[in-house]
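Asker: Quick one: the structure is below, and I'll ask about it shortly.
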Amino acid sequence: MNDDATSLAEAIREGRLSAMEAMQAALAAAERRSDLGAIVHLDRDLGSNAAKAADALLAKDAAGDRPFLGVPSLAKDLGGPFSGLPVAAGSDMIDRQSAQLDSDLAARLRNAGLCFFGLTTVPELGLSLSSEPATGPMCRNPLDTARTPGGSSGGAAAAVCAGIVAIAHATDAGGSIRVPAACCGLVGLKATRGAMPGGPGFGNHLGGIVSELALCRSVRDLDTIFHFASGAARGPFADPHLHAAQTGALRIGVLTDFGTTFPIDPQRATTIEAAATSLEADGHTLVPIAWSKVEKAVSASGTALGDIIAVNLANYVDAAELDAEKAERLTRAFIRRGQALSGQALWASLDAGIHASRALWDIFEDVDCLLTPMLSSAPLPLGSFPFDHDETELQIRRMTAFAPLAALANITGFPAITLPFGADANGLPLPIQIMAPMGHDLLLLALAARLEQEERWQHRFPVAN
């Protein structure tokens, strides 16, 4: 299954293969690549029934507006519920019980025609940029199995990268879509705050910093699913920029490194320069951006992220009457942090996040978008984000050092996209990130599509040794 979701859907729609055949291929690939630990729960019957229903619609010529009808997919073991799939968020605290109803986003993804058959691996409660829950399985990067595929949507990224599925559901609270995409050579978008539906019972989760969508092999897949899924549950998203990409010459801010705070692999800095040069050749103007312009905002975002996650986690554990002693050690430390945090301290963190947003708005007074590195290095070795300690700030620092600008988009609500733009000497992706003002998601998709045309990255679909 080496095509993107668009070409696979075309093959199903044109009768070159059936949805059931596509599902059987996905199930076979899941079994063949079980060594990756990408899937934590698999339901053959659920997948087969969905594929059967898709084939029935095709037989009746009743496909309708379902761009991915019959395409197999996987949901994340964290996020809004998918009926029939028992989410446990990678934690022994939560009993796996199948959801009865879809979230608004899950319903839209199914209405797009995607056929779900399982859940992908996440770190416990999404608290890491690697996906190694104590409950298992440990998720490995298909491009180098000694390295992480990222987190918290690591299982989703590994499944798409390995060719198990062509597209997978993912969520992003602090880089959790973009970091796995960057580790595995995929395309991922953290959409503008409010662009994706969050209801009916999942709205404004984590104070609005979470965005759900998908991990994809191509920009066209991401563009299609974004258009299909975006918009509030009760009416279209209000910002017209969401539905009309800006045209003409742009002022592109270029940030090539993270100063001395977070040393960057030189290849990754050079990749930003290459992408900038390519866009400049199209007539856009490049505007150098110094690390000092964003450094304070990045620091504030990290603190706000830690406090928001801790308070929400503590509230969730108490409200659901979960046994925190069943959680991993670091998770318990986050719970205690949230329980101990005063209202005044939380407000100070939230206020810092507001100032981070203002700092970005100041930058966007002078530029239309911001081109940056996504990661400071190649995907890290497994074990780089251990949970065997109580230092929540150490975890935040480690994650920020790996993906310095990841949380900034979540805390401020700005959209950000990542895509591969070449490969390093070891064949690992060299990702870039582009950020834009609120509501300019289509601008990001247009720029990503333009850069993708250079074909600097070729998807590899590894097979088991």
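Residue names in the structure tokens use chain letters A, B, ... in the order shown, residue numbers from 1 in each chain, and ligand numbers from 1 in the order shown.
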Near stretch 99-109 of chain A, counting only C-alpha atoms, which residues have an atom at most 9 Å away, once you skip same-chain residues fewer than 5 positions from it, shown as a PDB file with C-alpha atoms, in the first residue's frame?
Answerer:
```pdb
ATOM      1  CA  PHE A  68     -11.501   8.874   0.856  1.00  0.00           C
ATOM      2  CA  ALA A  75      -7.490   6.423  15.119  1.00  0.00           C
ATOM      3  CA  GLY A  80     -11.987  12.644  20.736  1.00  0.00           C
ATOM      4  CA  PRO A  81     -13.777   9.259  20.788  1.00  0.00           C
ATOM      5  CA  PHE A  82     -14.401   6.983  17.804  1.00  0.00           C
ATOM      6  CA  SER A  83     -17.371   4.667  18.288  1.00  0.00           C
ATOM      7  CA  GLY A  84     -16.339   1.047  18.635  1.00  0.00           C
ATOM      8  CA  LEU A  85     -12.743   1.855  19.584  1.00  0.00           C
ATOM      9  CA  PRO A  86     -11.660   1.583  23.257  1.00  0.00           C
ATOM     10  CA  VAL A  87      -9.317   4.510  23.935  1.00  0.00           C
ATOM     11  CA  LEU A 114     -12.166   6.544   5.988  1.00  0.00           C
ATOM     12  CA  CYS A 115     -12.527   3.010   7.350  1.00  0.00           C
ATOM     13  CA  HIS A 169      -5.959  10.407  12.791  1.00  0.00           C
ATOM     14  CA  MET A 196     -11.443  21.879  13.832  1.00  0.00           C
ATOM     15  CA  PRO A 197     -14.590  20.751  15.648  1.00  0.00           C
ATOM     16  CA  GLY A 198     -13.986  19.693  19.234  1.00  0.00           C
ATOM     17  CA  GLY A 199     -17.411  18.575  20.415  1.00  0.00           C
ATOM     18  CA  PRO A 200     -19.674  17.345  21.576  1.00  0.00           C
ATOM     19  CA  GLY A 201     -17.798  16.411  24.740  1.00  0.00           C
ATOM     20  CA  PHE A 202     -14.245  17.273  23.792  1.00  0.00           C
ATOM     21  CA  GLU A 212      -6.970  17.221  15.888  1.00  0.00           C
ATOM     22  CA  LEU A 213      -6.601  16.194  12.270  1.00  0.00           C
ATOM     23  CA  ILE A 225      -9.052  16.218   4.773  1.00  0.00           C
ATOM     24  CA  PHE A 228     -13.615  18.202   4.661  1.00  0.00           C
ATOM     25  CA  ALA A 229     -13.144  18.345   8.436  1.00  0.00           C
ATOM     26  CA  SER A 230     -12.727  22.046   9.195  1.00  0.00           C
ATOM     27  CA  ALA A 233     -19.946  21.962  14.544  1.00  0.00           C
TER      28      ALA A 233
END
```
Asker: Just the residues within 12 Å of A:Ala59, please, counting only C-alpha atoms, with nothing from its chain fewer than 3 positions along; format it as a list in words.
Answerer: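 Counting only C-alpha atoms, the residues come to Ile12, Arg13, Glu14, Gly15, Ser18, Ala19, Lys52, Ala53, Ala54, Asp55, Ala56, Ala62 and Ala63 of chain A.
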Asker: Any chance you could export the current selection's all heavy atoms as a PDB file, in the first residue's frame?
Answerer:
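After the write, out12.pdb holds the following:
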```pdb
ATOM      1  N   ILE A  12      -9.965   2.676  -5.688  1.00  0.00           N
ATOM      2  CA  ILE A  12     -11.187   2.036  -5.180  1.00  0.00           C
ATOM      3  C   ILE A  12     -12.402   2.545  -5.949  1.00  0.00           C
ATOM      4  O   ILE A  12     -13.269   1.761  -6.361  1.00  0.00           O
ATOM      5  CB  ILE A  12     -11.331   2.300  -3.670  1.00  0.00           C
ATOM      6  CG1 ILE A  12     -10.199   1.604  -2.900  1.00  0.00           C
ATOM      7  CG2 ILE A  12     -12.689   1.844  -3.163  1.00  0.00           C
ATOM      8  CD1 ILE A  12     -10.116   1.983  -1.433  1.00  0.00           C
ATOM      9  N   ARG A  13     -12.464   3.842  -6.161  1.00  0.00           N
ATOM     10  CA  ARG A  13     -13.610   4.441  -6.854  1.00  0.00           C
ATOM     11  C   ARG A  13     -13.707   3.943  -8.298  1.00  0.00           C
ATOM     12  O   ARG A  13     -14.801   3.757  -8.842  1.00  0.00           O
ATOM     13  CB  ARG A  13     -13.486   5.960  -6.814  1.00  0.00           C
ATOM     14  CG  ARG A  13     -14.707   6.704  -7.318  1.00  0.00           C
ATOM     15  CD  ARG A  13     -14.668   8.160  -6.921  1.00  0.00           C
ATOM     16  NE  ARG A  13     -13.429   8.826  -7.291  1.00  0.00           N
ATOM     17  CZ  ARG A  13     -12.495   9.228  -6.432  1.00  0.00           C
ATOM     18  NH1 ARG A  13     -12.657   9.048  -5.132  1.00  0.00           N
ATOM     19  NH2 ARG A  13     -11.396   9.825  -6.845  1.00  0.00           N
ATOM     20  N   GLU A  14     -12.542   3.723  -8.941  1.00  0.00           N
ATOM     21  CA  GLU A  14     -12.524   3.288 -10.339  1.00  0.00           C
ATOM     22  C   GLU A  14     -12.624   1.770 -10.486  1.00  0.00           C
ATOM     23  O   GLU A  14     -12.619   1.256 -11.605  1.00  0.00           O
ATOM     24  CB  GLU A  14     -11.237   3.789 -11.007  1.00  0.00           C
ATOM     25  CG  GLU A  14     -11.191   5.319 -11.130  1.00  0.00           C
ATOM     26  CD  GLU A  14      -9.818   5.828 -11.546  1.00  0.00           C
ATOM     27  OE1 GLU A  14      -8.916   4.978 -11.776  1.00  0.00           O
ATOM     28  OE2 GLU A  14      -9.646   7.051 -11.623  1.00  0.00           O
ATOM     29  N   GLY A  15     -12.690   1.053  -9.363  1.00  0.00           N
ATOM     30  CA  GLY A  15     -12.879  -0.382  -9.413  1.00  0.00           C
ATOM     31  C   GLY A  15     -11.628  -1.196  -9.639  1.00  0.00           C
ATOM     32  O   GLY A  15     -11.708  -2.404  -9.915  1.00  0.00           O
ATOM     33  N   SER A  18     -11.138  -3.256  -4.495  1.00  0.00           N
ATOM     34  CA  SER A  18     -12.285  -2.965  -3.644  1.00  0.00           C
ATOM     35  C   SER A  18     -11.821  -2.415  -2.305  1.00  0.00           C
ATOM     36  O   SER A  18     -10.648  -2.539  -1.933  1.00  0.00           O
ATOM     37  CB  SER A  18     -13.103  -4.232  -3.416  1.00  0.00           C
ATOM     38  OG  SER A  18     -12.354  -5.159  -2.633  1.00  0.00           O
ATOM     39  N   ALA A  19     -12.754  -1.804  -1.596  1.00  0.00           N
ATOM     40  CA  ALA A  19     -12.436  -1.337  -0.246  1.00  0.00           C
ATOM     41  C   ALA A  19     -12.049  -2.513   0.642  1.00  0.00           C
ATOM     42  O   ALA A  19     -11.165  -2.401   1.497  1.00  0.00           O
ATOM     43  CB  ALA A  19     -13.630  -0.589   0.339  1.00  0.00           C
ATOM     44  N   LYS A  52     -16.857  -3.181   3.987  1.00  0.00           N
ATOM     45  CA  LYS A  52     -18.033  -3.764   3.338  1.00  0.00           C
ATOM     46  C   LYS A  52     -19.074  -2.690   3.057  1.00  0.00           C
ATOM     47  O   LYS A  52     -19.680  -2.659   1.967  1.00  0.00           O
ATOM     48  CB  LYS A  52     -18.623  -4.856   4.230  1.00  0.00           C
ATOM     49  CG  LYS A  52     -19.810  -5.584   3.630  1.00  0.00           C
ATOM     50  CD  LYS A  52     -20.296  -6.689   4.564  1.00  0.00           C
ATOM     51  CE  LYS A  52     -21.502  -7.419   3.986  1.00  0.00           C
ATOM     52  NZ  LYS A  52     -21.984  -8.499   4.900  1.00  0.00           N
ATOM     53  N   ALA A  53     -19.276  -1.786   4.025  1.00  0.00           N
ATOM     54  CA  ALA A  53     -20.240  -0.697   3.835  1.00  0.00           C
ATOM     55  C   ALA A  53     -19.795   0.234   2.713  1.00  0.00           C
ATOM     56  O   ALA A  53     -20.620   0.721   1.924  1.00  0.00           O
ATOM     57  CB  ALA A  53     -20.413   0.079   5.138  1.00  0.00           C
ATOM     58  N   ALA A  54     -18.495   0.488   2.628  1.00  0.00           N
ATOM     59  CA  ALA A  54     -17.976   1.345   1.557  1.00  0.00           C
ATOM     60  C   ALA A  54     -18.201   0.707   0.192  1.00  0.00           C
ATOM     61  O   ALA A  54     -18.622   1.372  -0.763  1.00  0.00           O
ATOM     62  CB  ALA A  54     -16.494   1.615   1.785  1.00  0.00           C
ATOM     63  N   ASP A  55     -17.935  -0.583   0.091  1.00  0.00           N
ATOM     64  CA  ASP A  55     -18.157  -1.274  -1.181  1.00  0.00           C
ATOM     65  C   ASP A  55     -19.634  -1.270  -1.570  1.00  0.00           C
ATOM     66  O   ASP A  55     -19.981  -1.172  -2.759  1.00  0.00           O
ATOM     67  CB  ASP A  55     -17.633  -2.710  -1.097  1.00  0.00           C
ATOM     68  CG  ASP A  55     -16.117  -2.790  -1.277  1.00  0.00           C
ATOM     69  OD1 ASP A  55     -15.562  -1.908  -1.952  1.00  0.00           O
ATOM     70  OD2 ASP A  55     -15.516  -3.742  -0.745  1.00  0.00           O
ATOM     71  N   ALA A  56     -20.508  -1.363  -0.569  1.00  0.00           N
ATOM     72  CA  ALA A  56     -21.944  -1.325  -0.856  1.00  0.00           C
ATOM     73  C   ALA A  56     -22.350   0.029  -1.423  1.00  0.00           C
ATOM     74  O   ALA A  56     -23.163   0.105  -2.358  1.00  0.00           O
ATOM     75  CB  ALA A  56     -22.735  -1.632   0.416  1.00  0.00           C
ATOM     76  N   ALA A  62     -23.444   5.365  -4.919  1.00  0.00           N
ATOM     77  CA  ALA A  62     -23.906   6.306  -3.900  1.00  0.00           C
ATOM     78  C   ALA A  62     -22.744   6.809  -3.048  1.00  0.00           C
ATOM     79  O   ALA A  62     -22.910   7.077  -1.856  1.00  0.00           O
ATOM     80  CB  ALA A  62     -24.958   5.641  -3.014  1.00  0.00           C
ATOM     81  N   ALA A  63     -21.571   6.947  -3.661  1.00  0.00           N
ATOM     82  CA  ALA A  63     -20.393   7.376  -2.906  1.00  0.00           C
ATOM     83  C   ALA A  63     -20.565   8.789  -2.376  1.00  0.00           C
ATOM     84  O   ALA A  63     -20.096   9.112  -1.277  1.00  0.00           O
ATOM     85  CB  ALA A  63     -19.151   7.295  -3.791  1.00  0.00           C
TER      86      ALA A  63
END
```
Asker: Write down as a VMD selection string the residues of stretch 96-226 of chain A whose backbone DSSP state falls under helix (DSSP H, G or I).
Answerer: chain A and resid 104 to 111 124 to 126 154 to 162 178 to 184 205 to 208 219 to 226
Asker: Those residues you just picked out, can you put them in a file as a compact mmCIF listing (two decimals), in the first residue's frame with N, CA and C atoms?
Answerer:
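Here's the written file out29.txt:
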```txt
# COMPACT_ATOMS: atom_id res chain seq x y z
N ASP A 104 -17.36 14.90 17.06
CA ASP A 104 -17.71 15.58 15.81
C ASP A 104 -16.65 15.35 14.74
N LEU A 105 -15.37 15.41 15.13
CA LEU A 105 -14.31 15.21 14.15
C LEU A 105 -14.30 13.77 13.66
N ALA A 106 -14.44 12.81 14.57
CA ALA A 106 -14.47 11.40 14.16
C ALA A 106 -15.58 11.15 13.16
N ALA A 107 -16.74 11.75 13.38
CA ALA A 107 -17.86 11.60 12.44
C ALA A 107 -17.49 12.16 11.08
N ARG A 108 -16.81 13.30 11.06
CA ARG A 108 -16.43 13.89 9.78
C ARG A 108 -15.40 13.04 9.06
N LEU A 109 -14.45 12.48 9.80
CA LEU A 109 -13.45 11.62 9.16
C LEU A 109 -14.11 10.38 8.58
N ARG A 110 -15.07 9.84 9.29
CA ARG A 110 -15.80 8.68 8.75
C ARG A 110 -16.66 9.09 7.56
N ASN A 111 -17.27 10.26 7.64
CA ASN A 111 -18.08 10.73 6.51
C ASN A 111 -17.22 11.00 5.28
N GLU A 124 1.94 7.68 27.61
CA GLU A 124 0.86 7.85 28.58
C GLU A 124 0.37 9.29 28.62
N LEU A 125 -0.93 9.45 28.39
CA LEU A 125 -1.62 10.74 28.39
C LEU A 125 -0.97 11.76 27.47
N GLY A 126 -0.17 11.29 26.50
CA GLY A 126 0.43 12.20 25.53
C GLY A 126 1.55 13.05 26.09
N GLY A 154 2.96 9.16 17.74
CA GLY A 154 4.03 8.36 17.17
C GLY A 154 3.54 7.11 16.46
N GLY A 155 2.55 6.44 17.05
CA GLY A 155 2.02 5.25 16.40
C GLY A 155 1.37 5.56 15.07
N ALA A 156 0.66 6.67 15.02
CA ALA A 156 0.03 7.09 13.76
C ALA A 156 1.09 7.34 12.70
N ALA A 157 2.17 8.05 13.07
CA ALA A 157 3.23 8.35 12.12
C ALA A 157 3.93 7.09 11.65
N ALA A 158 4.21 6.18 12.57
CA ALA A 158 4.88 4.94 12.20
C ALA A 158 4.01 4.12 11.25
N ALA A 159 2.71 4.09 11.49
CA ALA A 159 1.80 3.31 10.64
C ALA A 159 1.74 3.88 9.23
N VAL A 160 1.71 5.20 9.11
CA VAL A 160 1.66 5.82 7.79
C VAL A 160 3.01 5.70 7.10
N CYS A 161 4.07 5.93 7.84
CA CYS A 161 5.42 5.84 7.27
C CYS A 161 5.72 4.43 6.75
N ALA A 162 5.28 3.42 7.47
CA ALA A 162 5.57 2.03 7.11
C ALA A 162 4.67 1.49 6.02
N ARG A 178 3.03 17.46 14.46
CA ARG A 178 4.16 17.94 13.65
C ARG A 178 5.46 17.23 13.97
N VAL A 179 5.72 16.91 15.21
CA VAL A 179 6.98 16.23 15.54
C VAL A 179 7.02 14.82 14.95
N PRO A 180 5.97 14.00 15.11
CA PRO A 180 6.00 12.69 14.43
C PRO A 180 6.09 12.79 12.91
N ALA A 181 5.40 13.78 12.34
CA ALA A 181 5.52 13.98 10.89
C ALA A 181 6.97 14.28 10.52
N ALA A 182 7.62 15.12 11.31
CA ALA A 182 9.01 15.49 11.04
C ALA A 182 9.94 14.30 11.20
N CYS A 183 9.67 13.43 12.17
CA CYS A 183 10.52 12.27 12.40
C CYS A 183 10.38 11.22 11.31
N CYS A 184 9.22 11.15 10.69
CA CYS A 184 8.92 10.06 9.76
C CYS A 184 8.76 10.48 8.31
N HIS A 205 -10.58 21.29 24.80
CA HIS A 205 -9.75 20.42 25.64
C HIS A 205 -8.38 21.05 25.85
N LEU A 206 -7.87 20.93 27.06
CA LEU A 206 -6.58 21.54 27.43
C LEU A 206 -6.58 23.04 27.16
N GLY A 207 -7.69 23.68 27.48
CA GLY A 207 -7.74 25.13 27.34
C GLY A 207 -7.65 25.61 25.90
N GLY A 208 -7.98 24.75 24.96
CA GLY A 208 -7.98 25.14 23.55
C GLY A 208 -6.67 24.94 22.82
N VAL A 219 0.72 16.49 0.62
CA VAL A 219 0.01 17.73 0.94
C VAL A 219 -1.41 17.67 0.39
N ARG A 220 -1.60 17.02 -0.76
CA ARG A 220 -2.95 16.97 -1.31
C ARG A 220 -3.89 16.18 -0.40
N ASP A 221 -3.38 15.12 0.24
CA ASP A 221 -4.21 14.40 1.21
C ASP A 221 -4.59 15.32 2.37
N LEU A 222 -3.60 16.04 2.89
CA LEU A 222 -3.85 16.94 4.02
C LEU A 222 -4.82 18.05 3.63
N ASP A 223 -4.64 18.61 2.43
CA ASP A 223 -5.54 19.66 1.95
C ASP A 223 -6.98 19.15 1.87
N THR A 224 -7.14 17.94 1.35
CA THR A 224 -8.48 17.38 1.21
C THR A 224 -9.15 17.15 2.56
N ILE A 225 -8.44 16.53 3.48
CA ILE A 225 -9.05 16.22 4.77
C ILE A 225 -9.26 17.49 5.58
N PHE A 226 -8.39 18.49 5.41
CA PHE A 226 -8.59 19.77 6.10
C PHE A 226 -9.89 20.42 5.64
```
Asker: Could you tell me, as a list in words, which residues of stretch 199-412 of chain A DSSP assigns to strand (DSSP E or B) when given the backbone?
Answerer: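 Going through stretch 199-412 of chain A, the strand (DSSP E or B) residues come out as Ser211, Glu212, Leu213, Ala214, Leu215, Cys216, Arg251, Ile252, Gly253, Val254, Thr285, Leu286, Val287, Pro288, Cys369, Leu370, Leu371, Thr372, Pro373 and Pro381 of chain A.
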Asker: Taking into account only C-alpha atoms, which residue in the set A:Asn426, A:Gln458, A:Thr418, A:Ser73 is nearest to A:Thr372?
Answerer: A:Thr418
Asker: Can you tell me, as an MDAnalysis selection string, what residues are no more than 12 Å from A:Asp362 when counting only C-alpha atoms, ignoring any on the same chain fewer than 6 positions away?
Answerer: chainID A and resid 289 293:294 297 355:356 368:369 437
Asker: For the selection just defined, write its residues with N, CA, C and O atoms to a file, as a compact mmCIF listing (two decimals), in the first residue's frame.
Answerer:
```
# COMPACT_ATOMS: atom_id res chain seq x y z
N ILE A 289 14.74 36.59 10.41
CA ILE A 289 14.18 36.73 11.76
C ILE A 289 15.21 36.19 12.75
O ILE A 289 15.65 35.04 12.63
N LYS A 293 13.94 37.36 18.62
CA LYS A 293 12.58 37.84 18.40
C LYS A 293 11.53 36.87 18.95
O LYS A 293 10.40 37.26 19.24
N VAL A 294 11.90 35.58 19.06
CA VAL A 294 10.93 34.58 19.50
C VAL A 294 11.34 33.85 20.77
O VAL A 294 10.55 33.10 21.34
N ALA A 297 9.06 34.20 23.83
CA ALA A 297 7.77 33.59 23.56
C ALA A 297 7.86 32.07 23.65
O ALA A 297 6.95 31.40 24.16
N HIS A 355 1.12 36.82 26.13
CA HIS A 355 2.25 37.64 25.68
C HIS A 355 3.02 36.95 24.55
O HIS A 355 3.55 37.62 23.65
N ALA A 356 3.09 35.62 24.61
CA ALA A 356 3.73 34.88 23.52
C ALA A 356 2.96 35.09 22.22
O ALA A 356 3.55 35.28 21.15
N ASP A 368 4.36 37.71 6.23
CA ASP A 368 3.10 37.01 6.00
C ASP A 368 3.13 35.58 6.53
O ASP A 368 2.07 34.98 6.79
N CYS A 369 4.32 35.02 6.66
CA CYS A 369 4.47 33.68 7.23
C CYS A 369 5.89 33.56 7.75
O CYS A 369 6.75 34.42 7.48
N PRO A 437 -0.31 33.64 10.41
CA PRO A 437 -1.29 34.25 11.32
C PRO A 437 -2.55 33.41 11.43
O PRO A 437 -2.82 32.54 10.59
```
Asker: Mind giving me the straight-line distance from atom CA of A:Ala416 to atom CA of A:Gln433 in Å, one decimal?
Answerer: 6.7 Å
Asker: Using only C-alpha atoms, which of A:Ser34, A:Ser211, A:Ser153, A:Thr285 sits nearest A:Val254?
Answerer: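 Ranked by minimum distance to A:Val254, first place goes to A:Thr285.
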Asker: Find the spatial neighbours of A:Leu371, counting only C-alpha atoms, within a cut-off of 8 Å - ignore same-chain residues fewer than 4 positions away - and output them as a ChimeraX atom specification.
Answerer: /A:252-255,272,276,432-435
Asker: Choose the residue, out of A:Ser128, A:Ser299, A:Thr135, A:Thr271, that has the smallest atom-to-atom separation from A:Asp92; count only C-alpha atoms.
Answerer: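 Going through A:Ser128, A:Ser299, A:Thr135, A:Thr271 one by one, the smallest distance to A:Asp92 is for A:Thr135.
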Asker: Return the single residue from A:Phe402, A:Tyr316, A:Phe385, A:Phe364 that is closest to A:Glu132, with distances computed using only C-alpha atoms.
Answerer: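 Ranked by minimum distance to A:Glu132, first place goes to A:Phe385.
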Asker: List the spatial neighbours of A:Pro420 as a PyMOL selection string - criterion: any atom at most 6 Å away, only C-alpha atoms, same-chain residues fewer than 6 positions off excluded.
Answerer: chain A and resi 185+429-431
Asker: For all heavy atoms, I'd like the residues from the last selection saved as a tab-separated table (two decimals), in the first residue's frame.
Answerer:
```tsv
chain	number	residue	atom	x	y	z
A	185	GLY	N	9.04	11.74	7.99
A	185	GLY	CA	8.96	12.18	6.60
A	185	GLY	C	7.55	12.35	6.10
A	185	GLY	O	7.26	12.10	4.92
A	429	PRO	N	14.57	12.15	7.34
A	429	PRO	CA	14.01	13.38	6.78
A	429	PRO	C	14.59	14.65	7.37
A	429	PRO	O	14.96	14.70	8.55
A	429	PRO	CB	12.51	13.27	7.08
A	429	PRO	CG	12.43	12.30	8.21
A	429	PRO	CD	13.55	11.35	8.03
A	430	LEU	N	14.68	15.68	6.53
A	430	LEU	CA	15.05	17.02	6.95
A	430	LEU	C	13.77	17.87	6.87
A	430	LEU	O	13.41	18.37	5.81
A	430	LEU	CB	16.14	17.59	6.04
A	430	LEU	CG	17.51	16.92	6.14
A	430	LEU	CD1	18.43	17.39	5.02
A	430	LEU	CD2	18.15	17.20	7.50
A	431	PRO	N	13.06	18.02	7.98
A	431	PRO	CA	11.77	18.70	7.95
A	431	PRO	C	11.88	20.21	8.10
A	431	PRO	O	12.85	20.73	8.68
A	431	PRO	CB	11.04	18.10	9.15
A	431	PRO	CG	12.16	17.83	10.13
A	431	PRO	CD	13.36	17.44	9.30
```
